[in-house]
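Novice: One file is attached below, data-v1.csv, containing CSV, C-alpha atoms.
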```csv
chain,number,residue,atom,x,y,z
A,1,MET,CA,-0.5,-15.7,-17.8
A,2,SER,CA,1.4,-14.0,-15.0
A,3,THR,CA,4.8,-12.9,-16.2
A,4,LEU,CA,7.5,-14.2,-13.8
A,5,THR,CA,11.2,-14.2,-14.1
A,6,VAL,CA,12.3,-17.8,-13.8
A,7,ALA,CA,15.5,-18.2,-11.9
A,8,THR,CA,17.7,-21.3,-11.9
A,9,MET,CA,17.1,-23.4,-8.8
A,10,ASP,CA,20.7,-22.9,-7.5
A,11,GLY,CA,20.2,-19.1,-7.7
A,12,ALA,CA,22.7,-18.5,-10.4
A,13,ALA,CA,20.4,-16.2,-12.3
A,14,LEU,CA,20.0,-14.0,-9.2
A,15,PRO,CA,23.3,-12.4,-8.3
A,16,SER,CA,21.4,-9.9,-6.1
A,17,GLN,CA,20.1,-12.7,-3.9
A,18,VAL,CA,23.3,-12.7,-1.7
A,19,GLY,CA,22.3,-11.5,1.7
A,20,MET,CA,18.6,-11.5,0.9
A,21,PRO,CA,16.2,-12.2,3.8
A,22,ALA,CA,15.3,-15.8,4.0
A,23,VAL,CA,11.6,-16.9,3.7
A,24,GLY,CA,11.9,-19.7,6.2
A,25,ASP,CA,9.6,-22.8,6.3
A,26,VAL,CA,6.9,-22.9,3.6
A,27,LEU,CA,3.5,-24.6,3.6
A,28,VAL,CA,2.2,-25.3,0.1
A,29,VAL,CA,-1.5,-26.0,-0.6
A,30,ALA,CA,-0.9,-28.5,-3.4
A,31,GLY,CA,-3.2,-30.4,-5.7
A,32,PRO,CA,-4.0,-31.1,-9.3
A,33,GLY,CA,-2.9,-28.2,-11.5
A,34,CYS,CA,-0.8,-26.6,-8.7
A,35,VAL,CA,2.7,-27.4,-9.9
A,36,ALA,CA,3.5,-23.7,-9.9
A,37,ALA,CA,2.7,-23.5,-6.2
A,38,THR,CA,4.8,-26.5,-5.4
A,39,ARG,CA,7.8,-25.2,-7.3
A,40,VAL,CA,7.6,-21.7,-6.0
A,41,GLY,CA,7.1,-22.7,-2.4
A,42,SER,CA,9.9,-25.3,-2.6
A,43,TRP,CA,12.4,-22.9,-4.2
A,44,LEU,CA,11.7,-20.2,-1.6
A,45,ALA,CA,12.1,-22.6,1.3
A,46,ALA,CA,15.3,-24.2,-0.2
A,47,ARG,CA,17.0,-20.8,-0.6
A,48,GLY,CA,17.2,-20.4,3.1
A,49,ARG,CA,17.4,-24.2,3.8
A,50,GLY,CA,13.9,-24.1,5.2
A,51,VAL,CA,11.4,-26.9,5.3
A,52,VAL,CA,8.7,-27.2,2.7
A,53,THR,CA,5.4,-29.1,3.5
A,54,GLY,CA,2.7,-29.8,1.1
A,55,CYS,CA,-1.0,-30.6,1.8
A,56,ALA,CA,-4.1,-31.1,-0.3
A,57,MET,CA,-7.4,-29.3,0.4
A,58,PRO,CA,-10.8,-31.1,0.2
A,59,GLU,CA,-13.2,-30.1,-2.5
A,60,ALA,CA,-15.2,-28.2,0.1
A,61,PHE,CA,-12.4,-25.7,0.4
A,62,HIS,CA,-12.7,-24.7,-3.3
A,63,HIS,CA,-16.4,-24.1,-2.8
A,64,GLY,CA,-15.7,-21.7,0.1
A,65,ARG,CA,-16.6,-24.2,2.9
A,66,ILE,CA,-13.4,-24.3,5.1
A,67,ARG,CA,-14.9,-25.5,8.4
A,68,GLY,CA,-15.2,-29.3,8.6
A,69,ARG,CA,-18.0,-30.8,10.5
A,70,GLU,CA,-17.0,-34.5,10.6
A,71,PRO,CA,-15.0,-36.0,13.5
A,72,THR,CA,-11.4,-35.0,13.5
A,73,VAL,CA,-8.7,-37.2,12.1
A,74,MET,CA,-5.3,-35.9,13.2
A,75,ALA,CA,-2.9,-34.8,10.6
A,76,LEU,CA,-0.1,-37.1,9.7
A,77,LEU,CA,3.2,-35.7,8.6
A,78,GLN,CA,5.6,-37.8,6.5
A,79,SER,CA,8.8,-37.2,4.7
A,80,THR,CA,8.4,-40.0,2.2
A,81,PRO,CA,5.3,-40.8,0.1
A,82,GLU,CA,5.5,-44.5,0.8
A,83,ARG,CA,4.3,-43.8,4.3
A,84,GLN,CA,1.1,-42.2,3.2
A,85,ARG,CA,-2.1,-43.2,5.1
A,86,GLY,CA,-4.5,-45.3,3.1
A,87,ASP,CA,-7.4,-42.8,3.3
A,88,ASP,CA,-5.2,-39.9,2.2
A,89,LEU,CA,-6.8,-37.2,0.2
A,90,GLY,CA,-4.0,-38.0,-2.2
A,91,ARG,CA,-5.3,-41.3,-3.4
A,92,ASP,CA,-4.3,-40.0,-6.8
A,93,HIS,CA,-0.7,-40.0,-5.7
A,94,ALA,CA,-0.7,-36.3,-4.8
A,95,GLY,CA,1.9,-36.9,-2.1
A,96,GLU,CA,4.3,-38.6,-4.5
A,97,ARG,CA,3.9,-35.9,-7.1
A,98,PHE,CA,4.5,-33.2,-4.5
A,99,VAL,CA,7.7,-34.8,-3.2
A,100,HIS,CA,8.9,-35.3,-6.7
A,101,GLU,CA,8.3,-31.8,-7.8
A,102,ALA,CA,9.7,-30.3,-4.6
A,103,LEU,CA,13.0,-32.2,-4.9
A,104,ILE,CA,13.3,-31.0,-8.5
A,105,ALA,CA,12.9,-27.5,-7.2
A,106,GLY,CA,15.7,-28.0,-4.7
A,107,ALA,CA,13.8,-28.7,-1.5
A,108,HIS,CA,15.5,-30.4,1.4
A,109,ASP,CA,13.5,-33.4,2.7
A,110,PRO,CA,10.0,-32.3,1.6
A,111,GLN,CA,7.1,-33.4,3.7
A,112,TRP,CA,3.5,-34.2,2.9
A,113,ALA,CA,0.7,-33.5,5.4
A,114,VAL,CA,-2.4,-35.6,5.4
A,115,LEU,CA,-5.4,-33.6,6.6
A,116,GLY,CA,-8.5,-35.0,8.1
A,117,ASP,CA,-12.1,-33.7,8.1
A,118,ASP,CA,-11.4,-31.0,10.7
A,119,TYR,CA,-8.8,-29.5,8.4
A,120,LEU,CA,-9.1,-25.9,9.6
A,121,ARG,CA,-7.8,-26.9,13.0
A,122,GLU,CA,-5.1,-29.1,11.5
A,123,LEU,CA,-4.0,-26.3,9.2
A,124,LYS,CA,-3.6,-24.0,12.2
A,125,ALA,CA,-1.4,-26.6,13.8
A,126,LEU,CA,0.8,-26.6,10.6
A,127,CYS,CA,0.8,-22.9,10.4
A,128,SER,CA,2.2,-22.5,13.9
A,129,TRP,CA,5.6,-23.6,12.7
A,130,HIS,CA,5.7,-22.4,9.1
A,131,ASP,CA,6.5,-18.8,7.9
A,132,LEU,CA,4.6,-18.6,4.6
A,133,ILE,CA,1.7,-20.2,2.8
A,134,VAL,CA,1.8,-20.6,-1.0
A,135,VAL,CA,-1.5,-21.4,-2.7
A,136,GLN,CA,-2.8,-21.2,-6.2
A,137,ARG,CA,-6.2,-19.6,-6.9
A,138,THR,CA,-9.0,-21.9,-8.1
A,139,SER,CA,-10.1,-21.5,-11.7
A,140,PRO,CA,-12.0,-18.2,-12.4
A,141,ALA,CA,-14.5,-20.4,-14.2
A,142,ARG,CA,-15.7,-21.8,-10.9
A,143,GLU,CA,-18.9,-20.6,-9.3
A,144,LYS,CA,-16.8,-19.2,-6.4
A,145,PRO,CA,-13.4,-18.3,-7.7
A,146,LEU,CA,-12.4,-17.1,-4.2
A,147,GLY,CA,-12.9,-20.5,-2.8
A,148,GLY,CA,-11.8,-20.7,0.8
A,149,LEU,CA,-8.9,-18.2,0.4
A,150,ASP,CA,-10.5,-15.5,2.5
A,151,GLU,CA,-11.1,-17.9,5.4
A,152,LEU,CA,-7.6,-19.3,5.0
A,153,ALA,CA,-6.0,-15.8,5.1
A,154,LEU,CA,-7.8,-15.1,8.4
A,155,ALA,CA,-7.2,-18.5,10.0
A,156,CYS,CA,-3.5,-19.1,9.1
A,157,GLY,CA,-2.0,-16.0,10.8
A,158,LEU,CA,0.7,-16.1,8.1
A,159,PRO,CA,1.6,-14.2,5.0
A,160,MET,CA,0.0,-16.0,2.1
A,161,LEU,CA,1.4,-15.9,-1.5
A,162,ILE,CA,-1.5,-16.5,-3.8
A,163,LEU,CA,-0.6,-17.4,-7.4
A,164,PRO,CA,-3.0,-16.9,-10.3
A,165,THR,CA,-4.4,-19.5,-12.6
A,166,PRO,CA,-2.7,-20.1,-15.0
A,167,CYS,CA,0.8,-19.2,-13.7
A,168,ALA,CA,4.4,-19.8,-14.8
A,169,PRO,CA,6.3,-21.7,-12.1
A,170,GLY,CA,8.9,-19.0,-11.5
A,171,ALA,CA,10.1,-17.9,-8.0
A,172,THR,CA,11.1,-14.2,-8.5
A,173,TYR,CA,9.1,-11.1,-9.4
A,174,ASP,CA,10.5,-8.3,-11.4
A,175,ARG,CA,7.8,-5.7,-10.9
A,176,ILE,CA,6.1,-5.4,-7.5
A,177,VAL,CA,3.4,-3.1,-6.4
A,178,ILE,CA,2.8,-2.5,-2.6
A,179,ALA,CA,-0.6,-1.2,-1.7
A,180,TYR,CA,0.0,0.4,1.7
A,181,ASP,CA,-2.7,2.1,3.8
A,182,GLY,CA,-0.8,2.4,7.1
A,183,SER,CA,-2.7,-0.4,8.7
A,184,GLY,CA,-1.2,-3.2,10.7
A,185,PRO,CA,-2.0,-5.9,8.1
A,186,ALA,CA,-0.4,-3.7,5.4
A,187,THR,CA,2.7,-3.2,7.4
A,188,ARG,CA,3.0,-6.9,8.2
A,189,ALA,CA,2.5,-7.8,4.6
A,190,LEU,CA,5.2,-5.4,3.4
A,191,ARG,CA,7.7,-6.8,6.0
A,192,SER,CA,6.9,-10.4,5.1
A,193,ALA,CA,7.3,-9.7,1.4
A,194,MET,CA,10.9,-8.4,1.7
A,195,PRO,CA,12.5,-11.7,0.5
A,196,LEU,CA,10.7,-11.1,-2.8
A,197,ILE,CA,10.9,-7.3,-2.9
A,198,VAL,CA,14.7,-7.1,-2.6
A,199,ALA,CA,15.0,-9.2,-5.7
A,200,ALA,CA,12.7,-7.1,-7.8
A,201,ARG,CA,13.9,-4.6,-10.4
A,202,HIS,CA,11.0,-2.2,-10.1
A,203,VAL,CA,9.1,-1.5,-6.9
A,204,HIS,CA,6.1,0.8,-6.7
A,205,LEU,CA,4.4,2.0,-3.5
A,206,LEU,CA,0.8,3.1,-3.6
A,207,ASP,CA,0.8,5.0,-0.3
A,208,GLY,CA,-2.6,5.7,1.1
A,209,SER,CA,-1.5,6.1,4.7
A,210,GLY,CA,-2.5,9.3,6.6
A,211,GLY,CA,-3.8,10.7,9.8
A,212,ARG,CA,-2.1,11.7,12.9
A,213,THR,CA,-0.8,9.6,15.8
A,214,HIS,CA,1.3,10.2,18.9
A,215,LEU,CA,3.1,6.9,18.3
A,216,PRO,CA,6.2,6.6,16.1
A,217,ARG,CA,5.0,6.0,12.6
A,218,PHE,CA,6.3,3.2,10.4
A,219,ASP,CA,7.9,4.7,7.3
A,220,PRO,CA,7.7,2.2,4.4
A,221,MET,CA,10.1,4.1,2.2
A,222,ARG,CA,12.7,4.3,4.9
A,223,PHE,CA,12.2,0.6,5.7
A,224,LEU,CA,12.7,-0.4,2.1
A,225,ALA,CA,15.8,1.8,1.8
A,226,ARG,CA,17.3,-0.2,4.7
A,227,PHE,CA,17.4,-3.2,2.4
A,228,GLY,CA,18.7,-1.2,-0.5
A,229,VAL,CA,15.3,-1.0,-2.3
A,230,THR,CA,14.5,2.1,-4.3
A,231,ALA,CA,10.8,2.4,-4.6
A,232,HIS,CA,8.7,4.8,-6.6
A,233,ARG,CA,6.0,6.2,-4.3
A,234,LYS,CA,2.7,7.5,-5.4
A,235,ARG,CA,0.4,9.1,-2.9
A,236,VAL,CA,-3.3,8.0,-3.1
A,237,ALA,CA,-6.3,9.2,-1.1
A,238,GLU,CA,-7.1,6.0,0.8
A,239,ARG,CA,-10.8,6.8,1.3
A,240,SER,CA,-11.3,7.3,-2.4
A,241,VAL,CA,-9.8,4.0,-3.5
A,242,ASP,CA,-12.1,0.9,-3.5
A,243,GLY,CA,-11.3,-2.6,-4.7
A,244,SER,CA,-12.0,-1.9,-8.4
A,245,GLN,CA,-10.1,1.4,-8.4
A,246,LEU,CA,-7.1,-0.3,-6.8
A,247,LEU,CA,-7.1,-3.0,-9.4
A,248,ALA,CA,-7.2,-0.4,-12.1
A,249,ARG,CA,-4.3,1.5,-10.6
A,250,VAL,CA,-2.3,-1.7,-10.2
A,251,ALA,CA,-3.1,-2.9,-13.7
A,252,LYS,CA,-1.5,0.3,-15.1
A,253,LEU,CA,1.8,-0.5,-13.4
A,254,GLU,CA,1.8,-4.1,-14.9
A,255,PRO,CA,3.3,-5.9,-11.9
A,256,ASP,CA,3.8,-9.6,-11.4
A,257,LEU,CA,3.1,-9.3,-7.7
A,258,LEU,CA,0.8,-7.2,-5.5
A,259,VAL,CA,1.6,-6.9,-1.8
A,260,MET,CA,-1.3,-5.8,0.5
A,261,GLY,CA,-2.8,-6.2,3.9
A,262,ALA,CA,-5.9,-8.5,4.2
A,263,TYR,CA,-9.1,-7.6,5.9
A,264,GLY,CA,-8.6,-4.2,7.5
A,265,HIS,CA,-12.3,-4.4,8.3
A,266,SER,CA,-14.1,-7.5,9.6
A,267,PRO,CA,-14.6,-10.3,7.0
A,268,LEU,CA,-18.4,-10.1,7.6
A,269,ARG,CA,-18.5,-6.4,6.8
A,270,GLU,CA,-16.4,-6.9,3.7
A,271,ARG,CA,-18.7,-9.6,2.4
A,272,VAL,CA,-21.9,-7.7,3.1
A,273,LEU,CA,-20.8,-4.2,2.2
A,274,GLY,CA,-17.9,-5.1,-0.1
A,275,GLY,CA,-14.3,-4.5,0.7
A,276,THR,CA,-10.9,-4.2,-0.9
A,277,THR,CA,-9.6,-7.6,0.1
A,278,HIS,CA,-12.7,-9.5,-0.8
A,279,HIS,CA,-12.8,-7.7,-4.2
A,280,ILE,CA,-9.2,-8.3,-5.0
A,281,LEU,CA,-9.0,-11.9,-4.0
A,282,GLY,CA,-12.4,-12.7,-5.6
A,283,SER,CA,-11.7,-10.9,-8.9
A,284,ALA,CA,-12.1,-13.3,-11.8
A,285,THR,CA,-9.8,-11.1,-13.9
A,286,LEU,CA,-6.9,-11.1,-11.4
A,287,SER,CA,-3.8,-12.3,-13.3
A,288,VAL,CA,-1.0,-11.4,-10.9
A,289,SER,CA,0.3,-13.0,-7.8
A,290,VAL,CA,-0.8,-11.5,-4.5
A,291,LEU,CA,0.9,-11.6,-1.1
A,292,VAL,CA,-1.5,-10.8,1.7
A,293,GLN,CA,-1.4,-10.9,5.4
A,294,HIS,CA,-4.0,-10.2,8.1
```
Take the structure in the file and write it out as structure tokens.

Specialist:
Amino acid sequence: MSTLTVATMDGAALPSQVGMPAVGDVLVVAGPGCVAATRVGSWLAARGRGVVTGCAMPEAFHHGRIRGREPTVMALLQSTPERQRGDDLGRDHAGERFVHEALIAGAHDPQWAVLGDDYLRELKALCSWHDLIVVQRTSPAREKPLGGLDELALACGLPMLILPTPCAPGATYDRIVIAYDGSGPATRALRSAMPLIVAARHVHLLDGSGGRTHLPRFDPMRFLARFGVTAHRKRVAERSVDGSQLLARVAKLEPDLLVMGAYGHSPLRERVLGGTTHHILGSATLSVSVLVQH
């Protein structure tokens, strides 16, 4: 089980959280067995008085089929479960459970989104006004443990916090590893993860950036220092580190959260030839949370 430091919902256990960057509005992919995602997403949104919205994904998503082919049914947002549409994917009262758990976690007026068959397009509409997606990985025992997470990471345009299964429903991470290769996705992921990084006790930077450029270079260590974060940097040869090697390096540091860019190469190339993102997200042995951004 992923080791998380559980904070009280009013933040009393986190004195360092004063002045922390706010996460903003959070979209939670919720469903059976995803209580951790609901609580983490709700707590992160509530800390900055953001909105939390929950939605359920069809079974096709968990089998890696994210593109619907049926006629579109527009998404319906609602703030109370009583207004749920009759053909909601949450016929098993998913909406009621989400709102209940979100309120316990301190959310302000949680909302439930009903997705139709063209759920990729509807997810993009939701993502346009949210700042973070929180989702829980499907069971490693499934035929495709990656499910539709790779497509979702590419389609949403947002940082995505992926929780392992099983996962303790905490909202803070004590030990964070940042896998940084100097790419745009890696830089965006690092910046998006700052609300979590500044609360960590130990931050490790695996720095594989290199090469020359005439442009000003983003310095991750200087950026972290601006927020009072002291990171331990270890230089790595980016070309010599593939997905399995990165996992091995990360495992030695025993983090609760890995921060990394997603799909520096095209998704097709990663699937055919293998790639770091596809390997990390699809690893059946992955037991830590991962924050990725494309």

Novice: Could you please determine the separation between CA of Thr53 in chain A and CA of Leu27 in chain A in Å, to one decimal place?

Specialist: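 Those two atoms sit 4.9 Å apart.
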
Novice: Using only C-alpha atoms for the distances, tell me which of A:Val29, A:Pro220, A:Val52, A:Val99 is nearest to Leu123 in chain A.

Specialist: A:Val29

Novice: CA of Thr230 in chain A and CA of Arg47 in chain A are how many Å apart?

Specialist: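 The value is 23.3 Å.
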
Novice: Smallest atom-to-atom distance to Gly54 in chain A: which of A:Leu253, A:Val134, A:Leu120, A:Ala105, using only C-alpha atoms?

Specialist: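 Ranking A:Leu253, A:Val134, A:Leu120, A:Ala105 by distance to Gly54 in chain A, first place goes to A:Val134.
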
Novice: I'd like the interatomic distance between CA of Val23 in chain A and CA of Ala251 in chain A, to a tenth of an Å.

Specialist: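 Pair CA of Val23 in chain A / CA of Ala251 in chain A returns 26.7 Å.
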
Novice: Between A:Leu152, A:Ala199, A:Ile280, A:Cys127, which is the closest to Phe61 in chain A once you count all atoms listed in the file?

Specialist: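 Closest to Phe61 in chain A of all the choices is A:Leu152.
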
Novice: Under the rule that all atoms listed in the file are counted, which of A:Ala46, A:Val28, A:Ala262, A:Val250 is the nearest residue to Val177 in chain A?

Specialist: A:Val250

Novice: Taking into account all atoms listed in the file, which residue in the set A:Asp25, A:Ser183, A:Tyr263, A:Arg222 is nearest to Glu151 in chain A?

Specialist: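 When distances to Glu151 in chain A are compared using all atoms listed in the file, the smallest one comes from A:Tyr263.
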
Novice: Identify which of the residues A:Leu291, A:Leu161, A:Leu126, A:Ala45 lies closest to Asp109 in chain A, counting all atoms listed in the file when measuring atom-to-atom distances.

Specialist: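 Closest to Asp109 in chain A of all the choices is A:Ala45.
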